[in-house]
Every structure is written in structure tokens, then in C-alpha cells.
Amino acid sequence: MTEEKWGQLRKRLLKTVGQNNFTTWIEPLEFSVVEEGVAVFHVPTNFMGNYVSQNFADLILHELTLSGEPVQRLAFKVPANSPVRPVRQVEHVAEPFAELADRDEAVEQGAAARAASDAPAMVSPSAGSRDGSDMIQAAPLDPRFTFDSFVVGKPNELAHAAARRVAEGGPVTFNPLVLYGGVGLGKTHLMHAIAWELKEQNPHLNVLYLSAEQFMYRFVQALRERKMMDFKHLFRSVDVLMVDDVQFIAGKDSTQEEFFHTFNALVDQNKQIIISADRAPGEIKDLEDRVKSRLQCGLVVDLHPTDYELRLGILQTKVQQHRETYPDLEIADGVLEFLAHRISTNVRVLEGALTRLFAFASLVGREIDMDLTQDCLADVLRASERKITVEEIQRKVSEYYNIRMSDIIGPKRLRSYARPRQVAMYLCKQLTSRSLPEIGRRFGGRDHTTVMHGVKRIEELKTSDGQIAEDVEMLRRALEA
């Protein structure tokens, strides 16, 4: 067979196996000779020769036969003058598990391999007793993260109910359970709570909880130490597999492939899989379609951003916990409500702010009032301050009073339009940094004195008209949420 014919055959193989497999396994092959029905190829290492023989030999042989070559079998040899030290032969595995020559992953896997030496040692499920104390885990479970300490509200009630159902054990009703949402919304808390509950219900249950990053570290460690069969045995013999932050494996082809096979093996055994991510599986960039499809075949639950009521409930729960440490500290009325309004994006930041408040008040010996709160949390409050626009206020006010936005901006002076217009001006003055002339221009080119009059009128009505005061407060909450 000529080099030209081998080149044409390689093009057909590329279309069949795909660019990634071709670059990793087919491209490094160097055709040598055909002798007595045996096609000989030179390979960089025995490992690569074994892998190609196990996974692509039938395909290559088929293409050779179609090309008219009298070949009955293939042989892969490491040239005697090869600068690469031959790797000892590895035992046959039924499915592919790595793409070591993937040039896009070479640096990534090298870094992960170094980190793997610091990761917890891989433990086979059969290596120890099966009681709760030996529950296999690459990441320790936080004793604070239980169902009892999880504050349930409308944004997370579905996720909490689904997690509770899985934690009850019994027949697998939906597999996998995928929890997704932004940072600090409770995904990891629910994952830990499920693990604790499963452990309490059945101490002999083999539960494995780890992050996607640790999954990759263990995978690379197994490759480096040539212990892939131990790795497969570990991950495919668990009763419940829990992987946190699965978006981490996006773009890492070899890790995704092993995760895919592990996922399939566990589902085939009717074992429970629980996954968390920072967004819906279909929205994770660089996640393979087949992995997305597997994740979407179960129950996918969104943890929505927290609302005011949920944040206030979380703060009240945390205050009770802090009182065990600081029993003598007093917290003034309105402080928790203020924090629930102002810190709305991240529950961890909210909890951290409360922790700082209690510690600071304890050190200076003061009550936790609004002055201390604003002094102590000035940086947090600035960072969490959301920029509200004039247009947003106009739109929200028009929706609230059920009038058109053009009527708020327009020249009509009917009371049904004038009062909402003054409310909108007042909120613009309170919630934005725009000057009075700028606000006036946004309201149909009105003079700044008109804005001043509107703001002053609403300030007066707030003290005498309870309905106006309620409207302004409701709109402010809606805009700051």
C-alpha cells in the first residue's frame, strides 16, 4: 500500500471517527509495510498501539479491505529508534477512557495531574467496612448543611421537595436529579443535605459525593498511575453518585467521555445520580451534546434568585444561630429588613454580612443598629447596590398604575396621569443619581422645577395619604428586589 493510498484512507477514517479521535489516535500512526497479510504500523508507544488495536482495528481493517489491500490483520510496533520510551502493555478495557494526545488538553491534564497528587487517595468501595463512618467521599460533608437548616421559600421550594424525595431513598423515581442556579442559592446545601439524610436512613448505603473538579483529578491520577480499572470500579459500584458543579468538566473531552460512560453504567444499574450546575445543562458551553442529553433526561430543577421574604427568613434563622455565640447582643428593628432589601444577589454574601455585624458589634460593645450596620458594611452595601435606571422606574410605575408609559412621559395633566408621574419622579430622585434637570428631560423635557414640585408633593402625601405611602413602598421594593 502506498503512502498516497494510506492518506486517502485516513481521510475516510477522519469522517468516521471524528476530528478529536482522529487527531488523538489515527494521525500519529505511520504506515510501514504489508507482509503476508499483516499491515504493520509504527506507533509512539505500546499504550497507543494497544488502544488503537482494541478500539479502531476493525474499522481500519474494513477500510483497507475496501481499498483492495490483501490484509487479514494489523500489527502495531514501536520503532527501535523511537525517542519515546515504550510503555508497558495495559490490560484490555471494554471502552475508551482517554485521549492522552489531545493537544487541547495536554496542559490542562498536566496541571490536573499535579493537583491530583494532593487530592484524597482513591479508595475502592470494597476496601473497608460499609458503615456510615466509611462513606466514600472526595469532599467532606458540612455538618451545617442539613434539611433542618435549609430555609424554604417560593424560589427554592420545588428544588427542596425534589431533594427531599431523593433523600428518602427507595425506588429511583427520576434519574438524574439536576439542581441548577446561580452562586449562593443553595445547590451545595441541598446536595450535602441529601447525603446526610441518605447516610442517616441507611448507613450501609454507598454514597459518593465530590465536585466535578475532583472527579477530573481522580481520573487524571488513574491515568497517570495506570489504575483505570480501579477508577472504573470505584465510580461504578456506588449506590448514589453526587457530582457538584458539573459545568467544570465542560471543554475537557476525556473527562466528559469517562463521565458519560460512568453515568450510563450507573443508570443501567438503576443507581441514583444527583448533579448540580450553575446553569441549565442545555446552556453549559462546551458540554458535549450526549452529556447534555443524559443530564436532561431526568428531573431538572431551577433554584430561582431569592426574593425579599426568603432573604429575611434566612437572616432570622441565622440570627438565632448567632445568639448562641453572642447571647447579649441586641439587634435593632429594621436592620434585618434593610439587609434583606439591599443584599439581594447572593445568600453567602448576606450571611457573611450578618456574621461580620455580630463580630464587629461584639468587639466594640454596641447594639446592632442602622448606623453601625452602614458603617460596618459600607463596602458590601456599595458592591451590592444595583443600578436602577429612570426608564426602569417609568416602566414599573406605568405597570403598577395600569397606564401607558407614554402617558407618564406625555403632556396630559389628568390626575390619573399626574399622580403616577409625580411618584415616578420621586422614585427617580430617591433611587438614581440623576440630577433634577436630567430627570426632567426624561419626562418629556420638563423643567427641573416641575420635578422639584413633584418630589415635594409626594413627600407631603406620604405623611397624610396612607395609600400613596403604600404605593411608594411597594414600588421601591419591586425596583430594589
# chains A, B, ... in the order shown; residues from 1 in each chain; ligands from 1

$ select_by_dssp --residues "region 183-415 of chain A" --states "strand (DSSP E)" --output "PyMOL selection string"
chain A and resi 207-211+240-244+272-277+299-302

$ write_last_selection --atoms "all heavy atoms" --output "short mmCIF file (atom, residue, chain, number, x, y, z; two decimals), in the first residue's frame"
data_model
loop_
_atom_site.label_atom_id
_atom_site.label_comp_id
_atom_site.auth_asym_id
_atom_site.auth_seq_id
_atom_site.Cartn_x
_atom_site.Cartn_y
_atom_site.Cartn_z
N VAL A 207 -22.50 5.96 49.27
CA VAL A 207 -22.74 7.28 48.68
C VAL A 207 -21.40 7.94 48.38
O VAL A 207 -20.51 7.96 49.24
CB VAL A 207 -23.55 8.17 49.65
CG1 VAL A 207 -23.77 9.55 49.05
CG2 VAL A 207 -24.88 7.52 49.99
N LEU A 208 -21.27 8.48 47.18
CA LEU A 208 -20.03 9.17 46.79
C LEU A 208 -20.39 10.60 46.40
O LEU A 208 -21.10 10.83 45.42
CB LEU A 208 -19.35 8.46 45.63
CG LEU A 208 -18.08 9.12 45.07
CD1 LEU A 208 -17.04 9.30 46.17
CD2 LEU A 208 -17.51 8.31 43.94
N TYR A 209 -19.93 11.56 47.19
CA TYR A 209 -20.14 12.98 46.90
C TYR A 209 -18.80 13.63 46.61
O TYR A 209 -17.83 13.48 47.36
CB TYR A 209 -20.80 13.69 48.08
CG TYR A 209 -20.76 15.19 47.94
CD1 TYR A 209 -21.70 15.87 47.18
CD2 TYR A 209 -19.75 15.95 48.55
CE1 TYR A 209 -21.64 17.25 47.03
CE2 TYR A 209 -19.70 17.32 48.41
CZ TYR A 209 -20.65 17.96 47.64
OH TYR A 209 -20.59 19.31 47.48
N LEU A 210 -18.71 14.34 45.50
CA LEU A 210 -17.48 15.05 45.15
C LEU A 210 -17.81 16.12 44.12
O LEU A 210 -18.89 16.13 43.52
CB LEU A 210 -16.41 14.11 44.61
CG LEU A 210 -16.54 13.57 43.19
CD1 LEU A 210 -15.26 12.85 42.80
CD2 LEU A 210 -17.70 12.63 43.00
N SER A 211 -16.87 17.04 43.93
CA SER A 211 -17.05 18.06 42.91
C SER A 211 -16.59 17.52 41.56
O SER A 211 -15.84 16.53 41.49
CB SER A 211 -16.22 19.31 43.27
OG SER A 211 -14.84 19.02 43.19
N VAL A 240 -25.15 5.74 45.19
CA VAL A 240 -25.57 7.10 44.86
C VAL A 240 -24.32 7.90 44.49
O VAL A 240 -23.36 7.95 45.26
CB VAL A 240 -26.28 7.79 46.06
CG1 VAL A 240 -26.70 9.21 45.68
CG2 VAL A 240 -27.48 6.98 46.51
N LEU A 241 -24.34 8.51 43.31
CA LEU A 241 -23.23 9.37 42.87
C LEU A 241 -23.72 10.81 42.85
O LEU A 241 -24.73 11.13 42.22
CB LEU A 241 -22.75 8.98 41.48
CG LEU A 241 -21.64 9.87 40.89
CD1 LEU A 241 -20.36 9.80 41.73
CD2 LEU A 241 -21.35 9.50 39.43
N MET A 242 -22.98 11.70 43.55
CA MET A 242 -23.34 13.11 43.62
C MET A 242 -22.15 13.93 43.12
O MET A 242 -21.06 13.87 43.69
CB MET A 242 -23.69 13.50 45.06
CG MET A 242 -24.71 12.58 45.71
SD MET A 242 -25.03 12.99 47.45
CE MET A 242 -25.95 14.50 47.23
N VAL A 243 -22.38 14.69 42.05
CA VAL A 243 -21.31 15.49 41.44
C VAL A 243 -21.73 16.96 41.47
O VAL A 243 -22.75 17.34 40.87
CB VAL A 243 -21.01 15.04 40.00
CG1 VAL A 243 -19.87 15.87 39.41
CG2 VAL A 243 -20.65 13.56 39.96
N ASP A 244 -20.95 17.77 42.16
CA ASP A 244 -21.25 19.19 42.33
C ASP A 244 -20.53 20.02 41.26
O ASP A 244 -19.39 19.71 40.89
CB ASP A 244 -20.80 19.64 43.72
CG ASP A 244 -21.60 20.80 44.26
OD1 ASP A 244 -22.46 21.32 43.52
OD2 ASP A 244 -21.39 21.19 45.43
N GLN A 272 -28.87 5.91 41.78
CA GLN A 272 -29.27 7.32 41.79
C GLN A 272 -28.09 8.23 41.48
O GLN A 272 -26.99 8.07 42.03
CB GLN A 272 -29.85 7.70 43.15
CG GLN A 272 -30.32 9.14 43.25
CD GLN A 272 -31.56 9.41 42.41
OE1 GLN A 272 -32.60 8.81 42.62
NE2 GLN A 272 -31.44 10.32 41.44
N ILE A 273 -28.32 9.21 40.61
CA ILE A 273 -27.30 10.22 40.27
C ILE A 273 -27.89 11.60 40.57
O ILE A 273 -29.04 11.88 40.21
CB ILE A 273 -26.90 10.13 38.79
CG1 ILE A 273 -26.35 8.75 38.47
CG2 ILE A 273 -25.85 11.20 38.46
CD1 ILE A 273 -26.06 8.53 37.00
N ILE A 274 -27.10 12.44 41.25
CA ILE A 274 -27.53 13.79 41.59
C ILE A 274 -26.44 14.76 41.13
O ILE A 274 -25.26 14.57 41.46
CB ILE A 274 -27.78 13.94 43.11
CG1 ILE A 274 -28.77 12.87 43.59
CG2 ILE A 274 -28.30 15.33 43.43
CD1 ILE A 274 -28.75 12.65 45.07
N ILE A 275 -26.83 15.76 40.37
CA ILE A 275 -25.89 16.67 39.75
C ILE A 275 -26.28 18.10 40.10
O ILE A 275 -27.46 18.43 40.22
CB ILE A 275 -25.91 16.51 38.20
CG1 ILE A 275 -25.63 15.06 37.80
CG2 ILE A 275 -24.94 17.46 37.54
CD1 ILE A 275 -24.24 14.58 38.09
N SER A 276 -25.27 18.97 40.24
CA SER A 276 -25.56 20.40 40.36
C SER A 276 -24.74 21.16 39.33
O SER A 276 -23.67 20.71 38.91
CB SER A 276 -25.26 20.92 41.77
OG SER A 276 -23.88 21.17 41.93
N ALA A 277 -25.26 22.31 38.90
CA ALA A 277 -24.57 23.15 37.92
C ALA A 277 -25.00 24.59 38.13
O ALA A 277 -26.00 24.87 38.80
CB ALA A 277 -24.90 22.68 36.50
N LEU A 299 -34.93 14.83 36.11
CA LEU A 299 -35.65 15.99 36.61
C LEU A 299 -34.65 17.14 36.76
O LEU A 299 -33.71 17.06 37.54
CB LEU A 299 -36.30 15.68 37.96
CG LEU A 299 -37.05 16.85 38.62
CD1 LEU A 299 -38.19 17.33 37.73
CD2 LEU A 299 -37.55 16.47 40.00
N VAL A 300 -34.86 18.21 36.00
CA VAL A 300 -34.00 19.38 36.04
C VAL A 300 -34.75 20.49 36.78
O VAL A 300 -35.83 20.90 36.36
CB VAL A 300 -33.62 19.85 34.62
CG1 VAL A 300 -32.70 21.06 34.69
CG2 VAL A 300 -32.94 18.71 33.86
N VAL A 301 -34.18 20.95 37.89
CA VAL A 301 -34.88 21.91 38.77
C VAL A 301 -34.03 23.17 38.92
O VAL A 301 -32.84 23.10 39.20
CB VAL A 301 -35.16 21.29 40.16
CG1 VAL A 301 -35.98 22.26 40.99
CG2 VAL A 301 -35.88 19.96 40.02
N ASP A 302 -34.69 24.30 38.76
CA ASP A 302 -34.03 25.60 38.87
C ASP A 302 -34.22 26.17 40.27
O ASP A 302 -35.33 26.19 40.79
CB ASP A 302 -34.63 26.55 37.83
CG ASP A 302 -33.99 27.93 37.85
OD1 ASP A 302 -32.96 28.10 38.53
OD2 ASP A 302 -34.51 28.83 37.18
#

$ residues_around --residues "region 440-455 of chain A" --least-positions-apart "3" --cutoff "7 Å" --atoms "only C-alpha atoms" --output "MDAnalysis selection string"
chainID A and resid 409:410 422 425:426 436:437 458:459

$ residues_around --residues "Ile408 (chain A)" --least-positions-apart "5" --cutoff "10 Å" --atoms "only C-alpha atoms" --output "PyMOL selection string"
chain A and resi 394-395+397-398+403+413+416-422+424-425+443-444

$ residues_around --residues "region 52-60 of chain A" --least-positions-apart "4" --cutoff "10 Å" --atoms "only C-alpha atoms" --output "PyMOL selection string"
chain A and resi 9-10+12-13+16-17+21+25-26+29+43+46-48+64-66+73-76+92-96

$ write_last_selection --atoms "C-alpha atoms" --output "short mmCIF file (atom, residue, chain, number, x, y, z; two decimals), in the first residue's frame"
data_model
loop_
_atom_site.label_atom_id
_atom_site.label_comp_id
_atom_site.auth_asym_id
_atom_site.auth_seq_id
_atom_site.Cartn_x
_atom_site.Cartn_y
_atom_site.Cartn_z
CA LEU A 9 -7.82 6.03 3.72
CA ARG A 10 -7.03 8.44 6.60
CA ARG A 12 -12.24 8.41 5.24
CA LEU A 13 -11.33 7.47 8.80
CA THR A 16 -15.97 8.15 10.52
CA VAL A 17 -14.26 8.65 13.90
CA ASN A 21 -10.41 10.73 17.91
CA TRP A 25 -5.31 8.02 17.76
CA ILE A 26 -5.19 7.82 13.95
CA LEU A 29 0.02 6.13 13.09
CA VAL A 43 3.21 3.94 16.92
CA ASN A 46 2.79 0.40 23.18
CA PHE A 47 -0.08 2.02 25.03
CA MET A 48 -1.28 3.75 21.87
CA LEU A 64 -8.14 -1.50 3.97
CA THR A 65 -10.28 -4.31 2.58
CA LEU A 66 -12.49 -1.83 0.73
CA ARG A 73 -4.89 -8.37 10.47
CA LEU A 74 -2.98 -5.38 11.84
CA ALA A 75 0.20 -5.07 13.87
CA PHE A 76 1.40 -2.05 15.82
CA HIS A 92 -7.75 -4.65 27.79
CA VAL A 93 -10.69 -2.41 28.72
CA ALA A 94 -14.04 -2.61 27.02
CA GLU A 95 -14.46 1.07 26.28
CA PRO A 96 -12.22 4.07 25.52
#

$ residues_around --residues "Arg294 (chain A)" --least-positions-apart "4" --cutoff "9 Å" --atoms "only C-alpha atoms" --output "number ranges by chain"
A: 176, 260, 263-264, 289-290, 298

$ closest_atom_pairs --of "region 166-209 of chain A" --to "region 304-320 of chain A" --cutoff "8 Å" --atoms "only C-alpha atoms" --output "CSV"
residue,atom,partner,partner_atom,distance
A:Gly181,CA,A:His304,CA,6.5
A:Gly182,CA,A:Pro305,CA,7.4
A:Leu185,CA,A:Pro305,CA,6.7

$ write_last_selection --atoms "C-alpha atoms" --output "mmCIF file, in the first residue's frame"
data_model
loop_
_atom_site.group_PDB
_atom_site.id
_atom_site.type_symbol
_atom_site.label_atom_id
_atom_site.label_comp_id
_atom_site.auth_asym_id
_atom_site.auth_seq_id
_atom_site.Cartn_x
_atom_site.Cartn_y
_atom_site.Cartn_z
ATOM 1 C CA GLY A 181 -28.945 28.063 39.734
ATOM 2 C CA GLY A 182 -26.628 30.995 40.373
ATOM 3 C CA LEU A 185 -28.691 29.977 46.053
#

$ atom_distance --atom1 "CA of Ala193 (chain A)" --atom2 "CA of Leu205 (chain A)"
15.1 Å

$ select_by_dssp --residues "region 313-472 of chain A" --states "alpha helix (DSSP H)" --output "ChimeraX atom specification"
/A:313-325,335-342,347-364,370-376,378-383,390-400,405-409,415-431,436-442,448-464,466-472

$ residues_around --residues "Ala332 (chain A)" --least-positions-apart "5" --cutoff "8 Å" --atoms "only C-alpha atoms" --output "JSON, numbers by chain"
{"A": [367, 368, 369, 370]}
